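The file start.pdb comes next; it holds PDB, C-alpha atoms, pLDDT in the B column.
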ATOM      1  CA  MET P   1       1.293  33.573  28.680  1.00 58.00           C
ATOM      2  CA  PRO P   2       0.906  32.087  25.153  1.00 66.00           C
ATOM      3  CA  GLN P   3      -0.688  34.314  22.546  1.00 62.00           C
ATOM      4  CA  PRO P   4      -3.143  32.583  20.173  1.00 61.00           C
ATOM      5  CA  VAL P   5      -2.047  32.977  16.557  1.00 71.00           C
ATOM      6  CA  ALA P   6      -4.789  30.967  14.888  1.00 73.00           C
ATOM      7  CA  THR P   7      -7.398  28.437  15.867  1.00 74.00           C
ATOM      8  CA  PHE P   8      -8.716  25.785  13.544  1.00 91.00           C
ATOM      9  CA  SER P   9     -11.087  22.963  14.393  1.00 92.00           C
ATOM     10  CA  THR P  10      -8.229  20.404  14.728  1.00 94.00           C
ATOM     11  CA  LEU P  11      -5.221  22.622  15.526  1.00 94.00           C
ATOM     12  CA  VAL P  12      -4.463  25.474  17.911  1.00 90.00           C
ATOM     13  CA  ILE P  13      -1.449  27.650  17.158  1.00 91.00           C
ATOM     14  CA  GLU P  14       0.040  29.812  19.906  1.00 90.00           C
ATOM     15  CA  GLN P  15       3.020  32.169  19.952  1.00 90.00           C
ATOM     16  CA  LEU P  16       5.332  31.457  22.895  1.00 92.00           C
ATOM     17  CA  ALA P  17       8.120  33.566  24.345  1.00 92.00           C
ATOM     18  CA  GLY P  18      11.399  33.773  22.464  1.00 93.00           C
ATOM     19  CA  GLY P  19       9.903  33.321  18.997  1.00 92.00           C
ATOM     20  CA  PHE P  20       8.704  29.755  19.555  1.00 94.00           C
ATOM     21  CA  THR P  21       5.354  28.467  18.308  1.00 93.00           C
ATOM     22  CA  ALA P  22       3.205  25.772  19.935  1.00 93.00           C
ATOM     23  CA  ILE P  23       0.871  23.632  17.849  1.00 94.00           C
ATOM     24  CA  GLY P  24      -1.831  21.737  19.722  1.00 94.00           C
ATOM     25  CA  ILE P  25      -3.606  18.810  18.040  1.00 94.00           C
ATOM     26  CA  ASN P  26      -7.181  18.000  19.029  1.00 92.00           C
ATOM     27  CA  VAL P  27      -9.306  16.329  16.340  1.00 92.00           C
ATOM     28  CA  PRO P  28     -12.983  16.547  17.346  1.00 91.00           C
ATOM     29  CA  ASP P  29     -15.559  13.769  16.930  1.00 88.00           C
ATOM     30  CA  HIS P  30     -12.971  11.003  17.396  1.00 84.00           C
ATOM     31  CA  THR P  31     -11.770   9.156  20.475  1.00 85.00           C
ATOM     32  CA  GLN P  32      -8.155   9.764  19.393  1.00 88.00           C
ATOM     33  CA  ASN P  33      -6.402  12.309  17.217  1.00 90.00           C
ATOM     34  CA  VAL P  34      -6.619  10.963  13.672  1.00 87.00           C
ATOM     35  CA  MET P  35      -5.460  12.336  10.336  1.00 88.00           C
ATOM     36  CA  ASN P  36      -8.724  13.024   8.522  1.00 87.00           C
ATOM     37  CA  GLN P  37      -9.392  15.388   5.612  1.00 85.00           C
ATOM     38  CA  ARG P  38     -10.102  18.362   7.888  1.00 91.00           C
ATOM     39  CA  PHE P  39      -6.790  17.768   9.715  1.00 91.00           C
ATOM     40  CA  PHE P  40      -4.845  17.640   6.408  1.00 88.00           C
ATOM     41  CA  ASP P  41      -6.563  20.793   5.107  1.00 91.00           C
ATOM     42  CA  GLU P  42      -5.768  22.696   8.290  1.00 94.00           C
ATOM     43  CA  LEU P  43      -2.220  21.345   8.380  1.00 92.00           C
ATOM     44  CA  SER P  44      -1.718  22.744   4.878  1.00 92.00           C
ATOM     45  CA  GLN P  45      -2.985  26.150   6.059  1.00 93.00           C
ATOM     46  CA  LEU P  46      -0.683  25.942   9.073  1.00 93.00           C
ATOM     47  CA  PHE P  47       2.342  25.295   6.839  1.00 92.00           C
ATOM     48  CA  ALA P  48       1.419  28.379   4.796  1.00 92.00           C
ATOM     49  CA  LEU P  49       1.282  30.473   7.984  1.00 90.00           C
ATOM     50  CA  LEU P  50       4.650  29.130   9.141  1.00 91.00           C
ATOM     51  CA  ARG P  51       6.247  29.875   5.758  1.00 93.00           C
ATOM     52  CA  GLN P  52       5.083  33.505   6.019  1.00 92.00           C
ATOM     53  CA  ASN P  53       6.479  33.915   9.515  1.00 88.00           C
ATOM     54  CA  PRO P  54       8.954  31.123  10.375  1.00 93.00           C
ATOM     55  CA  PRO P  55       9.265  30.535  14.124  1.00 94.00           C
ATOM     56  CA  ARG P  56      12.531  30.035  15.943  1.00 96.00           C
ATOM     57  CA  GLY P  57      11.277  26.602  16.995  1.00 96.00           C
ATOM     58  CA  LEU P  58       8.132  24.466  17.188  1.00 95.00           C
ATOM     59  CA  LEU P  59       6.492  22.594  20.032  1.00 94.00           C
ATOM     60  CA  ILE P  60       3.911  20.069  18.836  1.00 94.00           C
ATOM     61  CA  GLU P  61       1.618  18.658  21.498  1.00 94.00           C
ATOM     62  CA  SER P  62      -1.580  16.685  21.817  1.00 93.00           C
ATOM     63  CA  ARG P  63      -4.540  18.399  23.396  1.00 91.00           C
ATOM     64  CA  ARG P  64      -6.101  14.976  23.957  1.00 88.00           C
ATOM     65  CA  GLU P  65      -5.098  13.012  27.033  1.00 86.00           C
ATOM     66  CA  GLY P  66      -3.669   9.573  26.318  1.00 84.00           C
ATOM     67  CA  SER P  67      -3.183  10.059  22.579  1.00 81.00           C
ATOM     68  CA  PHE P  68      -0.778  12.006  20.399  1.00 89.00           C
ATOM     69  CA  LEU P  69      -1.687  11.044  16.821  1.00 83.00           C
ATOM     70  CA  ALA P  70      -3.201   7.642  16.100  1.00 83.00           C
ATOM     71  CA  GLY P  71      -2.649   7.725  12.325  1.00 76.00           C
ATOM     72  CA  ALA P  72      -4.994   7.809   9.347  1.00 72.00           C
ATOM     73  CA  ASP P  73      -8.739   7.909   9.834  1.00 69.00           C
ATOM     74  CA  ILE P  74      -9.763   4.359   8.856  1.00 69.00           C
ATOM     75  CA  HIS P  75     -13.112   5.667   7.601  1.00 68.00           C
ATOM     76  CA  ARG P  76     -11.163   7.652   5.001  1.00 66.00           C
ATOM     77  CA  ILE P  77      -9.125   4.754   3.590  1.00 68.00           C
ATOM     78  CA  ASP P  78     -11.786   3.540   1.120  1.00 70.00           C
ATOM     79  CA  SER P  79     -12.088   7.009  -0.408  1.00 71.00           C
ATOM     80  CA  ILE P  80      -8.328   7.217  -1.078  1.00 69.00           C
ATOM     81  CA  TRP P  81      -8.538   4.720  -3.946  1.00 73.00           C
ATOM     82  CA  THR P  82     -10.964   6.940  -5.887  1.00 78.00           C
ATOM     83  CA  GLN P  83      -8.881  10.132  -5.621  1.00 74.00           C
ATOM     84  CA  SER P  84      -6.448  11.484  -8.179  1.00 77.00           C
ATOM     85  CA  PRO P  85      -2.697  11.172  -7.491  1.00 77.00           C
ATOM     86  CA  ASP P  86      -2.545  14.928  -6.699  1.00 74.00           C
ATOM     87  CA  GLN P  87      -5.076  14.506  -3.913  1.00 66.00           C
TER      88      GLN P  87
END
Rewritten as structure tokens:
Amino acid sequence: MPQPVATFSTLVIEQLAGGFTAIGINVPDHTQNVMNQRFFDELSQLFALLRQNPPRGLLIESRREGSFLAGADIHRIDSIWTQSPDQ
């Protein structure tokens, strides 16, 4: 049975047998999984967790039926032009 490692609002991280980690993507408030600011923030936190304790392997899955990852949140595109290059 998978052991939850961390739960964010867009990602679920579970420890599987044999040192493998499963990452489930489920972006709320959208009909498909999209890359919005909350997703990017949580993905950054996830990478920090994985650097601290690297898994033997990763399984990345959608928790939304019929969609894996649709791409950028189109509502976010206009705000990109006003951000600094670091952002």
Answer key for the PyMOL selection byres ((chain P and resi 30-42) around 12), residues as a PyMOL selection string: chain P and resi 6-13+23-29+43-49+61-77+79-80+87
Write out the residues from the selection above, keeping C-alpha atoms, as a short mmCIF file (atom, residue, chain, number, x, y, z; two decimals), keeping the file's coordinate frame.
data_model
loop_
_atom_site.label_atom_id
_atom_site.label_comp_id
_atom_site.auth_asym_id
_atom_site.auth_seq_id
_atom_site.Cartn_x
_atom_site.Cartn_y
_atom_site.Cartn_z
CA ALA P 6 -4.79 30.97 14.89
CA THR P 7 -7.40 28.44 15.87
CA PHE P 8 -8.72 25.78 13.54
CA SER P 9 -11.09 22.96 14.39
CA THR P 10 -8.23 20.40 14.73
CA LEU P 11 -5.22 22.62 15.53
CA VAL P 12 -4.46 25.47 17.91
CA ILE P 13 -1.45 27.65 17.16
CA ILE P 23 0.87 23.63 17.85
CA GLY P 24 -1.83 21.74 19.72
CA ILE P 25 -3.61 18.81 18.04
CA ASN P 26 -7.18 18.00 19.03
CA VAL P 27 -9.31 16.33 16.34
CA PRO P 28 -12.98 16.55 17.35
CA ASP P 29 -15.56 13.77 16.93
CA LEU P 43 -2.22 21.34 8.38
CA SER P 44 -1.72 22.74 4.88
CA GLN P 45 -2.98 26.15 6.06
CA LEU P 46 -0.68 25.94 9.07
CA PHE P 47 2.34 25.30 6.84
CA ALA P 48 1.42 28.38 4.80
CA LEU P 49 1.28 30.47 7.98
CA GLU P 61 1.62 18.66 21.50
CA SER P 62 -1.58 16.68 21.82
CA ARG P 63 -4.54 18.40 23.40
CA ARG P 64 -6.10 14.98 23.96
CA GLU P 65 -5.10 13.01 27.03
CA GLY P 66 -3.67 9.57 26.32
CA SER P 67 -3.18 10.06 22.58
CA PHE P 68 -0.78 12.01 20.40
CA LEU P 69 -1.69 11.04 16.82
CA ALA P 70 -3.20 7.64 16.10
CA GLY P 71 -2.65 7.72 12.32
CA ALA P 72 -4.99 7.81 9.35
CA ASP P 73 -8.74 7.91 9.83
CA ILE P 74 -9.76 4.36 8.86
CA HIS P 75 -13.11 5.67 7.60
CA ARG P 76 -11.16 7.65 5.00
CA ILE P 77 -9.12 4.75 3.59
CA SER P 79 -12.09 7.01 -0.41
CA ILE P 80 -8.33 7.22 -1.08
CA GLN P 87 -5.08 14.51 -3.91
#
Gap from atom CA of Leu50 of chain P to atom CA of Thr21 of chain P - Å, one decimal: 9.2 Å
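Interatomic distance, atom CA of Leu59 of chain P against atom CA of Phe20 of chain P: 7.5 Å.
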Around all the atoms of segment 11-26 of chain P listed in the file, draw an axis-aligned box and extend it by 8 Å on each of the six sides; I want its centre and edge lengths in Å to one decimal, as AutoDock Vina command-line options.
--center_x 2.1 --center_y 25.9 --center_z 19.9 --size_x 34.6 --size_y 31.8 --size_z 24.8
